[in-house]
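A.B. asks: Sharing start-v3.txt (compact mmCIF, C-alpha atoms) below.
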# COMPACT_ATOMS: atom_id res chain seq x y z
CA MET A 669 120.81 118.47 10.97
CA ARG A 670 119.11 120.03 14.02
CA TRP A 671 115.67 119.01 12.74
CA CYS A 672 116.78 115.39 12.23
CA ASP A 673 118.32 115.05 15.70
CA ARG A 674 116.71 112.10 17.50
CA ARG A 675 116.73 113.77 20.92
CA ARG A 676 116.52 117.51 20.29
CA GLY A 677 114.79 117.66 16.89
CA LEU A 678 111.99 116.00 14.96
CA GLY A 679 113.92 112.75 14.70
CA ALA A 680 114.34 111.67 11.10
CA ASP A 681 116.67 110.02 8.59
CA GLY A 682 116.50 113.11 6.40
CA LEU A 683 114.64 116.26 5.42
CA LEU A 684 112.47 116.49 2.29
CA VAL A 685 111.72 119.91 0.82
CA LEU A 686 108.62 120.03 -1.39
CA GLY A 687 108.93 122.58 -4.16
CA PRO A 688 106.36 124.00 -6.58
CA ALA A 689 105.58 122.83 -10.09
CA ALA A 690 108.07 123.76 -12.78
CA GLY A 691 107.78 123.08 -16.49
CA ASP A 692 106.66 119.51 -17.05
CA THR A 693 106.54 118.52 -13.37
CA ALA A 694 103.79 118.65 -10.75
CA LEU A 695 106.24 119.34 -7.94
CA SER A 696 109.90 118.98 -6.98
CA MET A 697 111.78 117.27 -4.20
CA THR A 698 115.04 118.27 -2.57
CA LEU A 699 116.48 115.78 -0.10
CA PHE A 700 118.98 116.34 2.69
CA ASN A 701 120.44 113.47 4.70
CA ALA A 702 120.52 113.55 8.49
CA ASP A 703 124.16 114.74 8.38
CA GLY A 704 123.20 117.72 6.19
CA SER A 705 124.57 116.32 2.93
CA ARG A 706 122.34 116.43 -0.14
CA ALA A 707 121.11 113.17 -1.70
CA GLU A 708 119.80 112.61 -5.21
CA MET A 709 116.81 110.38 -4.59
CA SER A 710 114.77 108.50 -1.99
CA GLY A 711 112.15 105.96 -2.99
CA ASN A 712 110.41 105.98 0.37
CA GLY A 713 110.92 109.71 0.76
CA ILE A 714 109.27 110.61 -2.55
CA ARG A 715 106.19 108.60 -1.55
CA CYS A 716 106.01 110.53 1.73
CA LEU A 717 106.53 113.82 -0.11
CA VAL A 718 103.65 113.11 -2.50
CA HIS A 719 101.49 112.07 0.46
CA ALA A 720 102.12 115.50 2.00
CA TRP A 721 101.01 117.07 -1.29
CA VAL A 722 97.86 114.92 -1.29
CA LEU A 723 96.95 116.08 2.22
CA SER A 724 96.76 119.68 1.04
CA HIS A 725 95.57 119.20 -2.56
CA GLY A 726 93.45 116.05 -2.48
CA MET A 727 93.87 112.73 -4.25
CA PRO A 728 95.13 113.34 -7.82
CA THR A 729 93.28 111.92 -10.80
CA SER A 730 96.48 111.22 -12.72
CA PRO A 731 100.10 110.36 -11.85
CA LEU A 732 102.32 113.13 -10.51
CA VAL A 733 105.71 113.86 -12.07
CA VAL A 734 108.31 114.90 -9.50
CA ARG A 735 111.63 116.54 -10.31
CA THR A 736 114.50 115.19 -8.20
CA ASP A 737 118.28 115.52 -8.32
CA ALA A 738 118.25 112.06 -9.96
CA GLY A 739 115.84 113.17 -12.69
CA LEU A 740 112.08 112.91 -13.17
CA ARG A 741 110.11 110.29 -11.25
CA THR A 742 106.41 109.48 -11.75
CA VAL A 743 104.31 108.70 -8.66
CA THR A 744 100.86 107.10 -8.79
CA VAL A 745 98.78 107.18 -5.60
CA ALA A 746 95.60 105.48 -4.44
CA PRO A 747 93.56 105.70 -1.23
CA THR A 748 93.30 102.82 1.25
CA ALA A 749 90.74 101.83 3.87
CA SER A 750 92.72 103.88 6.39
CA GLY A 751 92.38 107.63 6.00
CA ASP A 752 95.94 108.11 7.24
CA THR A 753 97.49 105.80 4.65
CA ILE A 754 97.87 105.90 0.88
CA LEU A 755 99.42 103.39 -1.50
CA ALA A 756 102.05 104.90 -3.78
CA SER A 757 104.06 103.49 -6.67
CA VAL A 758 107.16 105.20 -8.03
CA THR A 759 108.87 104.61 -11.36
CA MET A 760 112.46 104.35 -10.20
CA GLY A 761 114.11 104.61 -13.59
CA GLU A 762 116.79 102.40 -15.03
CA VAL A 763 119.12 100.43 -12.76
CA THR A 764 122.67 100.80 -14.07
CA ALA A 765 126.05 99.36 -13.12
CA LEU A 766 128.58 101.34 -11.07
CA ALA A 767 132.29 100.89 -10.57
CA GLU A 768 133.44 99.35 -7.31
CA PRO A 769 133.54 102.16 -4.73
CA ALA A 770 136.82 103.34 -3.26
CA GLY A 771 137.82 101.42 -0.16
CA TRP A 772 135.68 98.39 -1.04
CA ALA A 773 138.54 95.96 -0.42
CA ALA A 774 138.54 96.97 3.26
CA LEU A 775 135.25 95.08 3.73
CA GLY A 776 137.05 91.82 3.14
CA CYS A 777 134.31 90.18 1.08
CA ASP A 778 135.02 86.67 -0.14
CA PRO A 779 135.80 87.04 -3.89
CA GLY A 780 133.17 84.38 -4.61
CA ARG A 781 130.40 86.22 -2.74
CA PRO A 782 127.81 87.80 -5.07
CA VAL A 783 128.09 91.62 -5.08
CA LEU A 784 126.54 94.23 -7.37
CA HIS A 785 127.35 97.95 -7.44
CA LEU A 786 124.33 99.77 -8.84
CA SER A 787 122.86 103.20 -9.43
CA LEU A 788 119.23 104.24 -9.13
CA GLY A 789 120.23 107.87 -9.42
CA ASN A 790 122.12 107.30 -6.16
CA PRO A 791 124.86 104.73 -5.44
CA HIS A 792 124.29 101.26 -3.95
CA SER A 793 126.38 98.21 -3.18
CA VAL A 794 124.35 95.03 -2.67
CA VAL A 795 125.91 91.97 -1.01
CA LEU A 796 124.38 88.50 -0.70
CA THR A 797 124.73 87.00 2.80
CA ASP A 798 123.56 83.86 4.56
CA ASP A 799 122.08 85.72 7.54
CA VAL A 800 121.56 89.49 7.52
CA ALA A 801 121.06 89.60 11.30
CA SER A 802 124.58 88.31 11.97
CA VAL A 803 126.40 90.99 9.96
CA ASP A 804 128.06 93.95 11.70
CA LEU A 805 126.47 96.38 9.27
CA ALA A 806 127.44 99.53 11.16
CA HIS A 807 131.12 98.62 10.89
CA LEU A 808 130.97 97.63 7.22
CA GLY A 809 128.87 100.63 6.21
CA ALA A 810 131.35 102.99 7.83
CA LEU A 811 134.08 101.59 5.56
CA VAL A 812 132.23 102.72 2.41
CA PRO A 813 130.34 105.85 3.55
CA GLN A 814 129.98 107.14 -0.02
CA VAL A 815 127.44 104.43 -0.97
CA ASN A 816 124.28 102.88 0.40
CA LEU A 817 125.23 99.37 1.52
CA GLU A 818 122.54 96.67 1.36
CA ILE A 819 122.94 93.15 2.68
CA VAL A 820 120.44 90.60 1.39
CA GLU A 821 119.40 87.03 2.14
CA PRO A 822 116.86 84.91 0.26
CA GLY A 823 113.24 84.40 1.32
CA PRO A 824 111.87 83.35 3.65
CA GLU A 825 109.15 82.73 1.04
CA PRO A 826 109.61 82.31 -2.72
CA GLY A 827 109.83 85.61 -4.59
CA ALA A 828 111.08 87.49 -1.53
CA VAL A 829 114.30 88.64 0.11
CA ARG A 830 115.21 90.12 3.46
CA MET A 831 117.36 93.26 3.47
CA ARG A 832 119.21 95.49 5.93
CA VAL A 833 120.75 98.78 4.89
CA HIS A 834 123.40 101.29 5.94
CA GLU A 835 122.54 104.57 4.22
CA ARG A 836 124.94 107.23 3.05
CA GLY A 837 124.84 110.28 5.31
CA VAL A 838 122.63 108.57 7.89
CA GLY A 839 123.81 105.15 9.07
CA ILE A 840 121.66 102.08 9.63
CA THR A 841 118.00 102.76 8.81
CA GLU A 842 114.93 100.56 9.04
CA ALA A 843 114.04 100.83 5.35
CA CYS A 844 115.29 102.28 2.07
CA GLY A 845 113.22 102.48 -1.11
CA THR A 846 116.07 102.85 -3.57
CA GLY A 847 117.93 100.17 -1.61
CA ALA A 848 114.95 97.81 -1.84
CA SER A 849 114.86 98.42 -5.59
CA ALA A 850 118.57 97.66 -5.91
CA ALA A 851 118.18 94.54 -3.76
CA ALA A 852 115.25 93.28 -5.85
CA PHE A 853 117.20 93.83 -9.06
CA ALA A 854 120.18 91.95 -7.61
CA ALA A 855 117.94 89.13 -6.36
CA ALA A 856 116.58 88.63 -9.86
CA ARG A 857 120.08 88.67 -11.36
CA TRP A 858 121.33 86.14 -8.79
CA GLY A 859 118.37 83.80 -9.23
CA LEU A 860 117.11 84.25 -5.66
CA VAL A 861 113.55 84.58 -6.97
CA PRO A 862 111.77 82.42 -9.55
CA ALA A 863 112.90 82.97 -13.13
CA GLY A 864 110.66 85.43 -14.93
CA ALA A 865 109.21 86.84 -11.69
CA SER A 866 107.47 90.15 -12.32
CA GLU A 867 107.99 91.45 -8.78
CA VAL A 868 110.02 90.90 -5.62
CA LEU A 869 108.83 91.35 -2.04
CA VAL A 870 111.53 93.01 0.08
CA HIS A 871 111.32 92.52 3.85
CA MET A 872 112.96 95.30 5.89
CA ASP A 873 113.00 96.08 9.60
CA GLY A 874 110.69 99.04 8.96
CA GLY A 875 108.19 97.07 6.86
CA ASP A 876 107.79 95.49 3.46
CA ALA A 877 107.91 96.97 -0.04
CA THR A 878 107.17 95.45 -3.42
CA VAL A 879 109.47 96.08 -6.37
CA ARG A 880 108.06 95.46 -9.83
CA LEU A 881 110.60 94.34 -12.41
CA ASP A 882 109.21 96.36 -15.31
CA ALA A 883 112.02 95.65 -17.76
CA PRO A 884 114.39 92.97 -16.46
CA VAL A 885 116.70 93.33 -19.47
CA ASN A 886 117.60 96.99 -18.92
CA GLY A 887 116.72 97.10 -15.24
CA GLU A 888 113.72 99.42 -15.04
CA VAL A 889 111.82 98.95 -11.77
CA THR A 890 108.85 100.40 -9.88
CA LEU A 891 108.67 100.67 -6.09
CA VAL A 892 105.26 100.08 -4.47
CA GLY A 893 104.33 100.59 -0.84
CA PRO A 894 102.24 102.53 1.68
CA SER A 895 102.77 105.94 3.24
CA THR A 896 101.18 106.68 6.61
CA VAL A 897 100.80 109.97 8.47
CA VAL A 898 102.26 109.67 11.98
CA ALA A 899 102.33 113.33 13.07
CA THR A 900 101.99 116.93 11.99
CA VAL A 901 104.62 119.33 13.31
CA ILE A 902 104.39 123.13 13.15
CA LEU A 903 107.72 124.93 13.23
CA GLU A 904 107.69 128.46 14.59
CA GLU A 905 110.41 131.07 14.61
CA PRO A 906 111.66 131.80 18.13
CA ALA A 907 110.55 135.08 19.65
CA PRO A 908 113.12 137.89 19.23
Turn this file's structure into structure tokens for me.
C.D. replies:
Amino acid sequence: MRWCDRRRGLGADGLLVLGPAAGDTALSMTLFNADGSRAEMSGNGIRCLVHAWVLSHGMPTSPLVVRTDAGLRTVTVAPTASGDTILASVTMGEVTALAEPAGWAALGCDPGRPVLHLSLGNPHSVVLTDDVASVDLAHLGALVPQVNLEIVEPGPEPGAVRMRVHERGVGITEACGTGASAAAFAAARWGLVPAGASEVLVHMDGGDATVRLDAPVNGEVTLVGPSTVVATVILEEPAP
């Protein structure tokens, strides 16, 4: 929690701990939210974690298998024209249905409004809105703190949606990889993108991500996007 503090720490939505290879994995990831709680999976976080591995080991010649609290995830990386940026794709596993979270009725959603409660190894509630900018997301997210709450609107272009997110253990964040995956899955189910679309572009305040719909029937998706180095921080123990 001290490391994630915006004013007295590094300033972050969470802390990723990169672990060594074990069994059939190249490395492992442990994720802690900004409030200190442990989370199962982060789509953007795992891409950053693998980027950190690349910086010390070099670009891999084959995909890397990462063990997470949500299970195994495979990450494929490629260089870009910028030395500080890589492109990474993550197999996010199967999207499955969840029960309505406790306290959901307090949000006061119109019964006719499209809503999906989904798991990508971590819990999500996706709500279709007319205008994501007009929603008091901080208030609504605080009513269901046990899930990641995504609000979605269509477009602006075909095959795309705009998303805002309130993340469990953090609050409003500028982007969420598992949330983008859930939103893309929901968009396909709701017909917000062309029928048979193989991918969905998700616009977020922190940037765009592409979600490939690998198996629309059973909900398997792949998250694709960049990872960029912004700083290197060395932590030292205080002098006795």
A.B. asks: Residues within 12 Å of A:Leu786, please, as an NGL selection string. Count only C-alpha atoms; anything in the same chain fewer than 2 positions from it doesn't count.
C.D. replies: :A and (762-769 or 783-784 or 788-795 or 815-818 or 846-854 or 887)
A.B. asks: Which of these, A:Glu867, A:Gly691, A:Asp737, A:Asp804, has the shortest distance to A:Leu775 once you count all atoms listed in the file?
C.D. replies: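 Using all atoms listed in the file, A:Leu775 sits closest to A:Asp804.
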A.B. asks: Name the residues in contact with stretch 726-734 of chain A at a cut-off of 12 Å, using all atoms listed in the file, excluding same-chain residues fewer than 5 positions from it; report them as a ChimeraX atom specification.
C.D. replies: /A:685-698,709-711,713-715,717-721,739-748,751,753-760
A.B. asks: What is the distance, in Å and to one decimal place, between atom CA of A:Val861 and atom CA of A:Pro826?
C.D. replies: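 Separating atom CA of A:Val861 from atom CA of A:Pro826 is a distance of 6.2 Å.
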A.B. asks: Please, what distance in Å, to one decimal, runs between atom CA of A:Cys777 and atom CA of A:Ala810?
C.D. replies: 14.8 Å
A.B. asks: For each of A:Pro894, A:Gly839, A:Gly780, A:Gly827, take the minimum atom-to-atom distance to A:Cys716, counting only C-alpha atoms, then give the residue where this is smallest.
C.D. replies: A:Pro894
A.B. asks: Using only C-alpha atoms, collect all residues at a distance of at most 12 Å from (124.0, 85.0, 9.6) as written in the file, then present them as a VMD selection string.
C.D. replies: chain A and resid 796 to 805 819 to 822 830
A.B. asks: Is it possible to get the residues within 12 Å of (110.4, 98.0, 8.5) (coordinates as in the file, counting all atoms listed in the file) written as a list in words?
C.D. replies: Asn712, Arg830, Met831, Arg832, Val833, Thr841, Glu842, Ala843, Cys844, Gly845, Ala848, Val870, His871, Met872, Asp873, Gly874, Gly875, Asp876, Ala877, Gly893 and Pro894 of chain A
